[in-house]
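Q: I'd like to ask some things about the structure below.
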Amino acid sequence: MDATVLIVEDEPGIADILRITLKYNGFTVHSASTAREALAAAREHRPDLVLLDVMLPDGTGWEVCRALREERAAEGGGDAEEEDDLAVIFVTARDAPRDVVAGLALGGDDYITKPFGVDEVVARVHAVLRRTRRRARPRERVLRHGDLEMDEATYSVRRAGQPVELTPTEYNLLRHLLRHAGRILTKEQLLQHVWRYDTAVSSTVVETYISYLRRKLDRLGPPLIETRRGVGYGLRALDPGPGAVT
């Protein structure tokens, strides 16, 4: 099965066993050992499934799961169903019935208790991915605004037919602007949706990344990003017709 799995586990021995087993079974595997690393890795690698420990050094798997679900819903314009293709399996020593119920209620698709057999994990991963891929609704994966085009399936951006190379943060910022093209978004809104859950980020980082985007986009055509002084930023409104966001 062609799928990407993110392992979130702070015990190196368990993480190594899961990584080796899943790679052997044909999965692309990424790892994280903290809640913060998990959220960053999920944004960068866009996993199909997350194997998520509950007890992490800087938080809980419950919090990570909730954050991931909220981020995917925000990307879908607030429609949780539209981005319902992320699978989450909790892997934890907490086996009390109330913990299992809590994990499933928070958006988990399955719950595996430690100790576990690796064959069981692989079987559960396959089963959950079959379910989540069936339930995910297909949607348009290309965002357009004027001569700017973003293909979410390939994580590529083009302007006037020319490729634009972006860092993951620049890509996420531009995607949020595209999804709200014609609107002015405040710095607080951009911080929440692009750098969410990272309290170390200040509002000046928004100005910095807006300038990065302008430098890369404006060399290929007229300025696209509008600044509303004292408010925030947005993509300039276009006349109705070809070029509207799809």
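Residue numbering restarts at 1 in every chain; chains get A, B, ... in the order shown in the structure tokens, and ligands count up from 1 in that same order.
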Write down as a VMD selection string the residues belonging to range 99-177 of chain A that are assigned helix (DSSP H, G or I) by DSSP computed on the backbone.
A: chain A and resid 99 to 105 118 to 135 168 to 177
Q: Keeping C-alpha atoms, export the residues of the selection given above as a tab-separated table (two decimals), in the first residue's frame.
A:
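This went into selection.tsv:
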chain	number	residue	atom	x	y	z
A	99	ASP	CA	-8.76	6.02	27.85
A	100	VAL	CA	-9.80	4.02	24.80
A	101	VAL	CA	-13.14	5.83	24.68
A	102	ALA	CA	-11.40	9.21	25.09
A	103	GLY	CA	-8.97	8.50	22.26
A	104	LEU	CA	-11.69	7.44	19.84
A	105	ALA	CA	-13.90	10.38	20.84
A	118	VAL	CA	4.33	-5.77	15.03
A	119	ASP	CA	2.15	-7.95	12.80
A	120	GLU	CA	-0.90	-6.62	14.61
A	121	VAL	CA	0.25	-3.04	14.06
A	122	VAL	CA	0.75	-3.59	10.33
A	123	ALA	CA	-2.66	-5.25	10.02
A	124	ARG	CA	-4.35	-2.40	11.89
A	125	VAL	CA	-2.58	0.20	9.74
A	126	HIS	CA	-3.78	-1.49	6.55
A	127	ALA	CA	-7.34	-1.81	7.86
A	128	VAL	CA	-7.58	1.81	9.01
A	129	LEU	CA	-6.13	3.16	5.77
A	130	ARG	CA	-8.69	1.19	3.76
A	131	ARG	CA	-11.49	2.77	5.81
A	132	THR	CA	-10.17	6.33	5.75
A	133	ARG	CA	-9.42	6.28	2.03
A	134	ARG	CA	-12.94	5.08	1.29
A	135	ARG	CA	-14.54	7.77	3.43
A	168	PRO	CA	7.18	24.53	3.73
A	169	THR	CA	6.28	27.63	5.77
A	170	GLU	CA	6.07	29.84	2.67
A	171	TYR	CA	3.88	27.20	1.02
A	172	ASN	CA	1.50	27.01	4.00
A	173	LEU	CA	1.26	30.80	4.19
A	174	LEU	CA	0.51	31.13	0.49
A	175	ARG	CA	-2.04	28.31	0.64
A	176	HIS	CA	-3.92	30.09	3.41
A	177	LEU	CA	-3.88	33.34	1.45
Q: Skip range 26-32 of chain A itself and residues of its chain fewer than 6 positions away, then list as a PDB file with all heavy atoms, in the first residue's frame all residues within 8 Å of it, counting only C-alpha atoms.
A:
ATOM      1  N   MET A   1       0.851  -1.194   0.000  1.00  0.00           N
ATOM      2  CA  MET A   1       0.000   0.000   0.000  1.00  0.00           C
ATOM      3  C   MET A   1       0.883   1.239   0.000  1.00  0.00           C
ATOM      4  O   MET A   1       1.786   1.373   0.811  1.00  0.00           O
ATOM      5  CB  MET A   1      -0.904   0.002   1.256  1.00  0.00           C
ATOM      6  CG  MET A   1      -1.849   1.203   1.315  1.00  0.00           C
ATOM      7  SD  MET A   1      -2.935   1.156   2.776  1.00  0.00           S
ATOM      8  CE  MET A   1      -4.008  -0.213   2.351  1.00  0.00           C
ATOM      9  N   ASP A   2       0.647   2.138  -0.937  1.00  0.00           N
ATOM     10  CA  ASP A   2       1.440   3.361  -1.068  1.00  0.00           C
ATOM     11  C   ASP A   2       0.897   4.392  -0.090  1.00  0.00           C
ATOM     12  O   ASP A   2      -0.135   5.029  -0.336  1.00  0.00           O
ATOM     13  CB  ASP A   2       1.342   3.871  -2.504  1.00  0.00           C
ATOM     14  CG  ASP A   2       2.148   5.136  -2.708  1.00  0.00           C
ATOM     15  OD1 ASP A   2       3.045   5.401  -1.894  1.00  0.00           O
ATOM     16  OD2 ASP A   2       1.872   5.862  -3.679  1.00  0.00           O
ATOM     17  N   ALA A   3       1.581   4.569   1.037  1.00  0.00           N
ATOM     18  CA  ALA A   3       1.099   5.494   2.059  1.00  0.00           C
ATOM     19  C   ALA A   3       2.266   5.953   2.917  1.00  0.00           C
ATOM     20  O   ALA A   3       3.293   5.282   3.028  1.00  0.00           O
ATOM     21  CB  ALA A   3       0.035   4.838   2.935  1.00  0.00           C
ATOM     22  N   THR A   4       2.091   7.133   3.534  1.00  0.00           N
ATOM     23  CA  THR A   4       3.102   7.707   4.414  1.00  0.00           C
ATOM     24  C   THR A   4       2.602   7.643   5.850  1.00  0.00           C
ATOM     25  O   THR A   4       1.466   8.026   6.141  1.00  0.00           O
ATOM     26  CB  THR A   4       3.377   9.176   4.039  1.00  0.00           C
ATOM     27  OG1 THR A   4       3.889   9.218   2.706  1.00  0.00           O
ATOM     28  CG2 THR A   4       4.386   9.805   4.995  1.00  0.00           C
ATOM     29  N   VAL A   5       3.458   7.152   6.737  1.00  0.00           N
ATOM     30  CA  VAL A   5       3.110   7.006   8.154  1.00  0.00           C
ATOM     31  C   VAL A   5       4.049   7.868   8.995  1.00  0.00           C
ATOM     32  O   VAL A   5       5.267   7.863   8.778  1.00  0.00           O
ATOM     33  CB  VAL A   5       3.201   5.533   8.607  1.00  0.00           C
ATOM     34  CG1 VAL A   5       2.919   5.412  10.111  1.00  0.00           C
ATOM     35  CG2 VAL A   5       2.243   4.665   7.810  1.00  0.00           C
ATOM     36  N   LEU A   6       3.472   8.595   9.924  1.00  0.00           N
ATOM     37  CA  LEU A   6       4.251   9.355  10.902  1.00  0.00           C
ATOM     38  C   LEU A   6       4.170   8.643  12.243  1.00  0.00           C
ATOM     39  O   LEU A   6       3.081   8.429  12.774  1.00  0.00           O
ATOM     40  CB  LEU A   6       3.700  10.776  11.035  1.00  0.00           C
ATOM     41  CG  LEU A   6       4.301  11.636  12.163  1.00  0.00           C
ATOM     42  CD1 LEU A   6       5.797  11.846  11.945  1.00  0.00           C
ATOM     43  CD2 LEU A   6       3.577  12.973  12.259  1.00  0.00           C
ATOM     44  N   ILE A   7       5.335   8.249  12.783  1.00  0.00           N
ATOM     45  CA  ILE A   7       5.407   7.600  14.100  1.00  0.00           C
ATOM     46  C   ILE A   7       5.728   8.664  15.135  1.00  0.00           C
ATOM     47  O   ILE A   7       6.744   9.359  15.027  1.00  0.00           O
ATOM     48  CB  ILE A   7       6.492   6.508  14.122  1.00  0.00           C
ATOM     49  CG1 ILE A   7       6.187   5.416  13.092  1.00  0.00           C
ATOM     50  CG2 ILE A   7       6.621   5.909  15.518  1.00  0.00           C
ATOM     51  CD1 ILE A   7       7.356   4.460  12.867  1.00  0.00           C
ATOM     52  N   VAL A   8       4.873   8.811  16.136  1.00  0.00           N
ATOM     53  CA  VAL A   8       5.109   9.758  17.225  1.00  0.00           C
ATOM     54  C   VAL A   8       5.296   8.944  18.496  1.00  0.00           C
ATOM     55  O   VAL A   8       4.336   8.458  19.095  1.00  0.00           O
ATOM     56  CB  VAL A   8       3.935  10.750  17.374  1.00  0.00           C
ATOM     57  CG1 VAL A   8       4.265  11.781  18.450  1.00  0.00           C
ATOM     58  CG2 VAL A   8       3.636  11.435  16.047  1.00  0.00           C
ATOM     59  N   GLU A   9       6.545   8.770  18.894  1.00  0.00           N
ATOM     60  CA  GLU A   9       6.887   7.869  19.999  1.00  0.00           C
ATOM     61  C   GLU A   9       8.191   8.337  20.624  1.00  0.00           C
ATOM     62  O   GLU A   9       9.182   8.541  19.913  1.00  0.00           O
ATOM     63  CB  GLU A   9       7.029   6.438  19.462  1.00  0.00           C
ATOM     64  CG  GLU A   9       7.586   5.441  20.434  1.00  0.00           C
ATOM     65  CD  GLU A   9       6.727   5.276  21.674  1.00  0.00           C
ATOM     66  OE1 GLU A   9       5.577   4.843  21.548  1.00  0.00           O
ATOM     67  OE2 GLU A   9       7.235   5.601  22.780  1.00  0.00           O
ATOM     68  N   ASP A  10       8.188   8.513  21.962  1.00  0.00           N
ATOM     69  CA  ASP A  10       9.390   9.026  22.625  1.00  0.00           C
ATOM     70  C   ASP A  10      10.300   7.927  23.161  1.00  0.00           C
ATOM     71  O   ASP A  10      11.365   8.231  23.694  1.00  0.00           O
ATOM     72  CB  ASP A  10       9.008  10.000  23.748  1.00  0.00           C
ATOM     73  CG  ASP A  10       8.256   9.319  24.873  1.00  0.00           C
ATOM     74  OD1 ASP A  10       7.550   8.318  24.609  1.00  0.00           O
ATOM     75  OD2 ASP A  10       8.365   9.775  26.023  1.00  0.00           O
ATOM     76  N   ALA A  15      10.106   3.108  18.758  1.00  0.00           N
ATOM     77  CA  ALA A  15      10.066   3.858  17.502  1.00  0.00           C
ATOM     78  C   ALA A  15      10.866   3.144  16.414  1.00  0.00           C
ATOM     79  O   ALA A  15      10.427   3.068  15.253  1.00  0.00           O
ATOM     80  CB  ALA A  15      10.605   5.269  17.721  1.00  0.00           C
ATOM     81  N   ARG A  19       9.404   1.716  12.925  1.00  0.00           N
ATOM     82  CA  ARG A  19       9.935   2.282  11.687  1.00  0.00           C
ATOM     83  C   ARG A  19      10.450   1.182  10.768  1.00  0.00           C
ATOM     84  O   ARG A  19      10.138   1.161   9.560  1.00  0.00           O
ATOM     85  CB  ARG A  19      11.048   3.280  12.002  1.00  0.00           C
ATOM     86  CG  ARG A  19      11.631   3.937  10.762  1.00  0.00           C
ATOM     87  CD  ARG A  19      12.550   5.097  11.108  1.00  0.00           C
ATOM     88  NE  ARG A  19      13.606   4.705  12.028  1.00  0.00           N
ATOM     89  CZ  ARG A  19      13.656   5.063  13.316  1.00  0.00           C
ATOM     90  NH1 ARG A  19      12.726   5.806  13.840  1.00  0.00           N
ATOM     91  NH2 ARG A  19      14.666   4.669  14.085  1.00  0.00           N
ATOM     92  N   ALA A  38       5.860  16.447  16.319  1.00  0.00           N
ATOM     93  CA  ALA A  38       4.795  15.752  15.599  1.00  0.00           C
ATOM     94  C   ALA A  38       3.999  16.708  14.723  1.00  0.00           C
ATOM     95  O   ALA A  38       3.721  16.415  13.555  1.00  0.00           O
ATOM     96  CB  ALA A  38       3.869  15.051  16.590  1.00  0.00           C
ATOM     97  N   ALA A  41       6.202  17.854  11.799  1.00  0.00           N
ATOM     98  CA  ALA A  41       6.393  16.784  10.818  1.00  0.00           C
ATOM     99  C   ALA A  41       5.118  16.529  10.023  1.00  0.00           C
ATOM    100  O   ALA A  41       5.170  16.259   8.817  1.00  0.00           O
ATOM    101  CB  ALA A  41       6.832  15.499  11.525  1.00  0.00           C
ATOM    102  N   HIS A  45       5.279  16.698   6.026  1.00  0.00           N
ATOM    103  CA  HIS A  45       5.247  15.448   5.279  1.00  0.00           C
ATOM    104  C   HIS A  45       3.845  15.003   4.877  1.00  0.00           C
ATOM    105  O   HIS A  45       3.706  14.089   4.069  1.00  0.00           O
ATOM    106  CB  HIS A  45       5.915  14.337   6.088  1.00  0.00           C
ATOM    107  CG  HIS A  45       7.337  14.620   6.445  1.00  0.00           C
ATOM    108  ND1 HIS A  45       8.322  14.761   5.492  1.00  0.00           N
ATOM    109  CD2 HIS A  45       7.949  14.825   7.645  1.00  0.00           C
ATOM    110  CE1 HIS A  45       9.482  15.010   6.086  1.00  0.00           C
ATOM    111  NE2 HIS A  45       9.275  15.069   7.391  1.00  0.00           N
TER     112      HIS A  45
END
Q: Could you please determine the separation between CA of Trp62 in chain A and CA of Gln192 in chain A in Å, to one decimal place?
A: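 Distance between the two atoms: 19.3 Å.
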Q: By how many Å are CA of Thr186 in chain A and CA of Pro47 in chain A apart?
A: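 For CA of Thr186 in chain A relative to CA of Pro47 in chain A, the distance reads 29.0 Å.
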Q: Excluding same-chain residues fewer than 3 positions from Arg219 in chain A, what lies within 12 Å of it counting only C-alpha atoms, as JSON, numbers by chain?
A: {"A": [159, 160, 162, 163, 164, 212, 213, 214, 215, 216, 222, 223, 224]}
Q: Those same residues - N, CA and C atoms - I'd like them written as a compact mmCIF listing (two decimals), in the first residue's frame.
A:
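Written file, result.txt:
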# COMPACT_ATOMS: atom_id res chain seq x y z
N ARG A 159 3.63 30.43 -11.31
CA ARG A 159 3.06 31.72 -11.67
C ARG A 159 3.44 32.04 -13.10
N ALA A 160 2.43 32.41 -13.88
CA ALA A 160 2.64 32.68 -15.30
C ALA A 160 3.33 31.49 -15.97
N GLN A 162 5.52 29.57 -14.71
CA GLN A 162 6.89 29.33 -14.22
C GLN A 162 6.84 28.76 -12.80
N PRO A 163 7.66 27.74 -12.52
CA PRO A 163 7.66 27.17 -11.17
C PRO A 163 8.20 28.15 -10.13
N VAL A 164 7.61 28.10 -8.93
CA VAL A 164 8.03 28.94 -7.81
C VAL A 164 8.44 28.01 -6.68
N TYR A 212 9.25 37.41 1.96
CA TYR A 212 9.83 36.30 1.21
C TYR A 212 8.94 35.93 0.02
N LEU A 213 7.63 35.82 0.28
CA LEU A 213 6.69 35.46 -0.78
C LEU A 213 6.67 36.52 -1.88
N ARG A 214 6.63 37.77 -1.48
CA ARG A 214 6.61 38.85 -2.47
C ARG A 214 7.84 38.78 -3.38
N ARG A 215 8.97 38.54 -2.77
CA ARG A 215 10.22 38.49 -3.55
C ARG A 215 10.15 37.40 -4.62
N LYS A 216 9.55 36.27 -4.27
CA LYS A 216 9.51 35.14 -5.20
C LYS A 216 8.38 35.27 -6.23
N PRO A 222 2.85 41.22 -11.85
CA PRO A 222 2.46 42.34 -10.99
C PRO A 222 2.30 41.88 -9.55
N PRO A 223 2.44 42.81 -8.58
CA PRO A 223 2.28 42.45 -7.17
C PRO A 223 0.92 41.81 -6.89
N LEU A 224 0.94 40.72 -6.13
CA LEU A 224 -0.29 40.00 -5.80
C LEU A 224 -0.72 40.21 -4.36
